[in-house]
Amino acid sequence: MGNLDLESLVIDNTAAGLFRVNRRVFTDPEILDLERQRVFEQCWIYAGHESEIPQAGDFRSRQVAGRPVILVRGSDGQVRVLLNTCTHRGALVCLQPAGNAKSFQCPYHAWTFSNHGELIGVPGDDAYSVAFDRQELALAQAPRVESYRGFIFIGFNPQLESLVDYLSGAREYLDLVCDQSEVGMEVVGGTQLYSMRANWKLLVENSIDGYHAPITHQRYFEFLVEMGVDAARIRRMGRGKSLGNGHAVIETAPAPGGRPIAAWAPHFGEAKKAELEAIQRRFEERFGAERAFKITQTNRNLLIFPNLIINDIMAITIRTFFPRTPDYMEITAWALAPVDEPPDHRALRLDNFLTFLGPGGFATPDDVEMLENCQRGFANREVEWSDISRGMRREHPLHNDELQMRAFWRQWHGLMTLSPTAPIEEAQAVAARA
Amino acid sequence: MGAIAVQDVQTVTRPMIEDFLYYEAALLDEWRLRDWLELLTDDATYEVPATDTPEGDPRQTLAIVADDIVRLRSRVEQLLGKSAWAEHPRSRTRRLLSNVRIRAVEGEHIHVTANFVVYRIRFEQMDTYVGRYEYTLVQRDGALKIRQRRAILDLDALRPHGKVSIIL
């Protein structure tokens with residue numbers, strides 16, 4: 001690794017209340033190479049949602065963790081993630097982005113694979129010796145595939161702990177999202193495929209950053225006020241939490257931009273007020289007042305380490321991203337919604353989504369701008385450190401502190417230095433000093 | 001050359017539509033966005049579908065942009081203000097339109113399609129948006145106006161563009 005001292009890349013000094021990240025982590029190609037092995041290949045990586053492949057034979061072909069894969073529900077109903085490369089000489093066997101198929105035929109030499117990955121057809125197979133083993137030549141699969149409430153993850157390390165164990169404290173936050181329907185949640189048609197000329201870890205930080213919202217997203221809040229939102233409602237309060245294994249969340253209330261489930265905002269129109277109140281009452285009956293408030297009135301920005309964001313805010317977005325180079329990432333975002341949502345409410349949800357989220361909304365483009373600006377700034381190599389100390393002295397860090405970023409960085413640092421650390425309890429460190 | 005005077009949609013010709021669309025493009029490239037709003041009806045909509053669902057209906061499918069006139073007016077004021085960081089400082093744009101075709105005249109509506117290339121330049125980076133427009137035009141107070149405006153991208157992803165922060 002040349003003169004790359006991985007240990008020194010993160011300064012984590014809870015006693016002094018100082019947390020610094022060396023900006024080389026955003027620019028160095030060697031660090032990105034190591035991240036591929038030590039982070040992405042050692043963690044559960046989001047691949048898709050079960051609702052995208054509901055029927056036997058349904059498939060989606062896409063890039064996950066930099067690899068072309070086929071997410072497919074086999075004829076046996078089981079979800080598999082096949083590596084999209086012919087075991088003959090490498091061509092992609094599936095070129096369609098979505099569809100339904102019993103088999104995949106390679107366009108190069110017509111080797112044919114079942115939708116379970118088995119090699120079922122080889123033209124002229126009499127040309128091979130007995131050493132030719134069709135079973136060995138099945139399409140490769142991601143070594144581990146597991147789902148939690150519809151969210152499909154893959155792992156490249158066969159020794160990974162179970163997905164449920166991996167999710168740790170993030171699981172209850174996924175439940176707050178998935179409990180919004182008794183029938184189930186589905187990914188809505190229409191995918192936002194975009195990019196940023198910036199390091200992927202900047203988007204991790206930005207997606208769970210409460211501090212930037214009033215400034216970076218000033219025009220969105222001005223829009224809300226223009227639509228009749230009470231300015232007092234815009235001053236939300238909340239907490240940042242570390243959930244274990246690098247996962248983190250910020251929770252804030254109230255939700256000034258409204259929530260399809262279930263907080264009204266003036267731009268929804270008066271007619272929707274009663275309906276949203278009725279939805280909230282139903283949740284109170286199902287879950288009791290406290291949990292209902294959490295589900296229906298609280299916004300949450302959730303990070304599942306390393307690169308999955310689920311923001312349950314003015315709508316629900318699933319966002320995942322992967323670096324092509326240290327200064328360029330590709331991002332995919334979807335809307336998640338209750339399967340049984342009435343069409344008018346679905347339309348409201350999608351409309352509200354676009355007021356903020358996505359590459360044409362009133363907020364995401366400004367995040368793209370900010371992160372690309374940071375990446376340009378990193379050319380000043382003399383400025384070596386980013387400061388991520390905000391709220392280190394607070395017993396209960398706020399949504400606009402930076403504990404949630406520190407949770408990510410501590411996990412990242414432990415994986416990169418091959419020394420997983422015990423969870424740091426900043427609050428304990430603060431209390432111990434008291 | 002300003003608004004295109006039209007008394008009867010049946011008499012509209014392709015050169016008149018082209019003049020109208022070139023005028024619209026000039027307003028957008030010159031950032032005369034309030035003048036551009038004047039070309040829209042009070043019930044106008046502006047849509048940019050997601051790249052993988054070009055025929056998508058924004059009520060059922062996630063899009064990139066789906067503005068009604070209220071949102072569009074806000075978008076214009078944001079872009080002319082100081083806090084739309086993605087456009088402050090402003091990008092330079094240059095729209096090229098071609099293949100303008102009148103597809104149908106139905107009642108008061110003129111259905112028009114055209115091809116577009118929009119170049120967006122900022123910080124020495126140029127992003128190229130390619131696609132086709134679908135317009136529904138009407139006559140209001142003796143002039144052509146836009147009732148529906150759909151910009152359907154041929155890009156299969158906003159990569160490396162990252163965003164659509166201008167009005168396509």
# chains A, B, ... in the order shown; residues from 1 in each chain; ligands from 1
>>> interface_residues(of="chain A", to="chain B", cutoff="8 Å", atoms="only C-alpha atoms", output="JSON, numbers by chain")
{"A": [188, 189, 190, 191, 192, 193, 194, 195, 196, 197, 216, 217, 218, 219, 223, 330, 334, 335, 343, 344, 346, 347, 348, 350, 351, 354, 358, 359, 360, 361, 362, 365, 366, 368, 369, 370]}
>>> residues_around(residues="region 105-116 of chain B", least_positions_apart="6", cutoff="9 Å", atoms="only C-alpha atoms", output="list in words")
Asp8, Val9, Gln10, Val12, Ile17, Arg95, Leu96, Leu97, Ser98, Asn99, Tyr129, Val130, Gly131, Arg132, Tyr133, Glu134, Tyr135, Thr136, Leu137, Val138, Gln139, Arg147 and Ala151 of chain B
>>> closest_residue(among="B:Ile152, B:Ala3, B:Phe123, B:Ala25", to="Leu39 (chain B)", atoms="only C-alpha atoms")
B:Ala3
>>> atom_distance(atom1="CA of Val183 (chain A)", atom2="CA of Ala170 (chain A)")
21.6 Å
>>> residues_around(residues="Ser162 (chain A)", least_positions_apart="4", cutoff="12 Å", atoms="only C-alpha atoms", output="list in words")
Cys43, Trp44, Arg144, Val145, Glu146, Ser147, Tyr148, Phe153, Ile154, Gly155, Asn157, Pro158, Tyr166, Leu167 and Ser168 of chain A
>>> write_last_selection(atoms="N, CA and C atoms", output="mmCIF file, in the first residue's frame")
data_model
loop_
_atom_site.group_PDB
_atom_site.id
_atom_site.type_symbol
_atom_site.label_atom_id
_atom_site.label_comp_id
_atom_site.auth_asym_id
_atom_site.auth_seq_id
_atom_site.Cartn_x
_atom_site.Cartn_y
_atom_site.Cartn_z
ATOM 1 N N CYS A 43 -19.876 -6.795 3.383
ATOM 2 C CA CYS A 43 -21.129 -6.303 3.959
ATOM 3 C C CYS A 43 -22.306 -6.777 3.118
ATOM 4 N N TRP A 44 -23.482 -6.691 3.665
ATOM 5 C CA TRP A 44 -24.696 -6.936 2.905
ATOM 6 C C TRP A 44 -24.961 -5.702 2.028
ATOM 7 N N ARG A 144 -24.241 -15.129 -1.001
ATOM 8 C CA ARG A 144 -25.301 -15.011 -0.001
ATOM 9 C C ARG A 144 -26.392 -14.116 -0.552
ATOM 10 N N VAL A 145 -27.633 -14.516 -0.379
ATOM 11 C CA VAL A 145 -28.797 -13.694 -0.739
ATOM 12 C C VAL A 145 -29.805 -13.830 0.389
ATOM 13 N N GLU A 146 -30.201 -12.726 0.958
ATOM 14 C CA GLU A 146 -31.240 -12.771 2.002
ATOM 15 C C GLU A 146 -32.129 -11.555 1.866
ATOM 16 N N SER A 147 -33.347 -11.717 2.346
ATOM 17 C CA SER A 147 -34.346 -10.646 2.284
ATOM 18 C C SER A 147 -34.800 -10.280 3.675
ATOM 19 N N TYR A 148 -35.093 -9.016 3.876
ATOM 20 C CA TYR A 148 -35.807 -8.622 5.089
ATOM 21 C C TYR A 148 -37.006 -7.793 4.686
ATOM 22 N N PHE A 153 -30.887 -8.334 -0.183
ATOM 23 C CA PHE A 153 -29.471 -7.983 -0.066
ATOM 24 C C PHE A 153 -28.629 -9.149 -0.549
ATOM 25 N N ILE A 154 -27.431 -8.819 -1.052
ATOM 26 C CA ILE A 154 -26.478 -9.875 -1.397
ATOM 27 C C ILE A 154 -25.184 -9.674 -0.614
ATOM 28 N N GLY A 155 -24.456 -10.779 -0.448
ATOM 29 C CA GLY A 155 -23.158 -10.714 0.208
ATOM 30 C C GLY A 155 -22.166 -11.546 -0.575
ATOM 31 N N ASN A 157 -19.162 -12.398 0.779
ATOM 32 C CA ASN A 157 -18.410 -13.197 1.744
ATOM 33 C C ASN A 157 -19.347 -14.271 2.295
ATOM 34 N N PRO A 158 -19.035 -15.551 2.025
ATOM 35 C CA PRO A 158 -19.924 -16.625 2.488
ATOM 36 C C PRO A 158 -20.072 -16.659 4.014
ATOM 37 N N TYR A 166 -27.041 -8.644 11.001
ATOM 38 C CA TYR A 166 -26.298 -7.517 10.424
ATOM 39 C C TYR A 166 -27.066 -6.208 10.594
ATOM 40 N N LEU A 167 -28.387 -6.265 10.393
ATOM 41 C CA LEU A 167 -29.200 -5.049 10.467
ATOM 42 C C LEU A 167 -29.204 -4.428 11.850
ATOM 43 N N SER A 168 -29.008 -5.247 12.872
ATOM 44 C CA SER A 168 -28.846 -4.727 14.241
ATOM 45 C C SER A 168 -29.953 -3.719 14.573
#
>>> select_by_dssp(residues="region 79-145 of chain B", states="strand (DSSP E)", output="ChimeraX atom specification")
/B:92-106,109-122,125-140,143-145
>>> atom_distance(atom1="CA of Pro397 (chain A)", atom2="CA of Ile316 (chain A)")
24.2 Å
>>> closest_residue(among="A:Val130, A:Met314, A:Leu415, A:Leu95", to="Pro68 (chain A)", atoms="only C-alpha atoms")
A:Leu95
>>> residues_around(residues="region 260-263 of chain A", least_positions_apart="6", cutoff="8 Å", atoms="only C-alpha atoms", output="PyMOL selection string")
chain A and resi 180+276-277+279-280+295-297+314-315+345+348-349
>>> residues_around(residues="Ser91 (chain B)", least_positions_apart="3", cutoff="7 Å", atoms="only C-alpha atoms", output="PyMOL selection string")
chain B and resi 87+120-122
>>> residues_around(residues="Pro54 (chain A)", least_positions_apart="2", cutoff="10 Å", atoms="only C-alpha atoms", output="ChimeraX atom specification")
/A:49-52,56-59,72-73,77,79,186
>>> atom_distance(atom1="CA of Leu155 (chain B)", atom2="CA of Val118 (chain B)")
12.0 Å
>>> residues_around(residues="Gln63 (chain A)", least_positions_apart="4", cutoff="12 Å", atoms="only C-alpha atoms", output="JSON, numbers by chain")
{"A": [45, 46, 47, 48, 67, 68, 69, 70, 71, 81, 82, 83, 84, 92, 95, 97, 193, 320, 321, 322, 323, 324, 330, 331, 332]}
>>> write_last_selection(atoms="C-alpha atoms", output="CSV table (one decimal), in the first residue's frame")
chain,number,residue,atom,x,y,z
A,45,ILE,CA,-25.4,-4.9,-0.2
A,46,TYR,CA,-28.9,-3.9,-1.4
A,47,ALA,CA,-29.8,-5.5,-4.7
A,48,GLY,CA,-33.5,-4.8,-5.1
A,67,ARG,CA,-21.2,-6.0,-11.1
A,68,PRO,CA,-23.8,-6.9,-13.7
A,69,VAL,CA,-26.2,-9.2,-12.1
A,70,ILE,CA,-29.6,-10.7,-12.7
A,71,LEU,CA,-32.1,-10.5,-9.9
A,81,VAL,CA,-29.0,-13.2,-7.8
A,82,LEU,CA,-27.1,-14.7,-10.8
A,83,LEU,CA,-23.9,-13.1,-11.9
A,84,ASN,CA,-24.5,-11.9,-15.5
A,92,LEU,CA,-23.7,-11.0,-20.6
A,95,LEU,CA,-29.4,-7.9,-22.0
A,97,PRO,CA,-33.4,-4.6,-18.1
A,193,LEU,CA,-30.9,6.9,-12.4
A,320,THR,CA,-28.3,3.2,-3.4
A,321,PHE,CA,-25.0,4.2,-5.0
A,322,PHE,CA,-21.7,2.9,-6.0
A,323,PRO,CA,-18.4,4.5,-7.0
A,324,ARG,CA,-16.9,4.1,-10.5
A,330,GLU,CA,-23.8,6.3,-9.9
A,331,ILE,CA,-27.0,6.6,-8.0
A,332,THR,CA,-30.3,4.8,-8.3
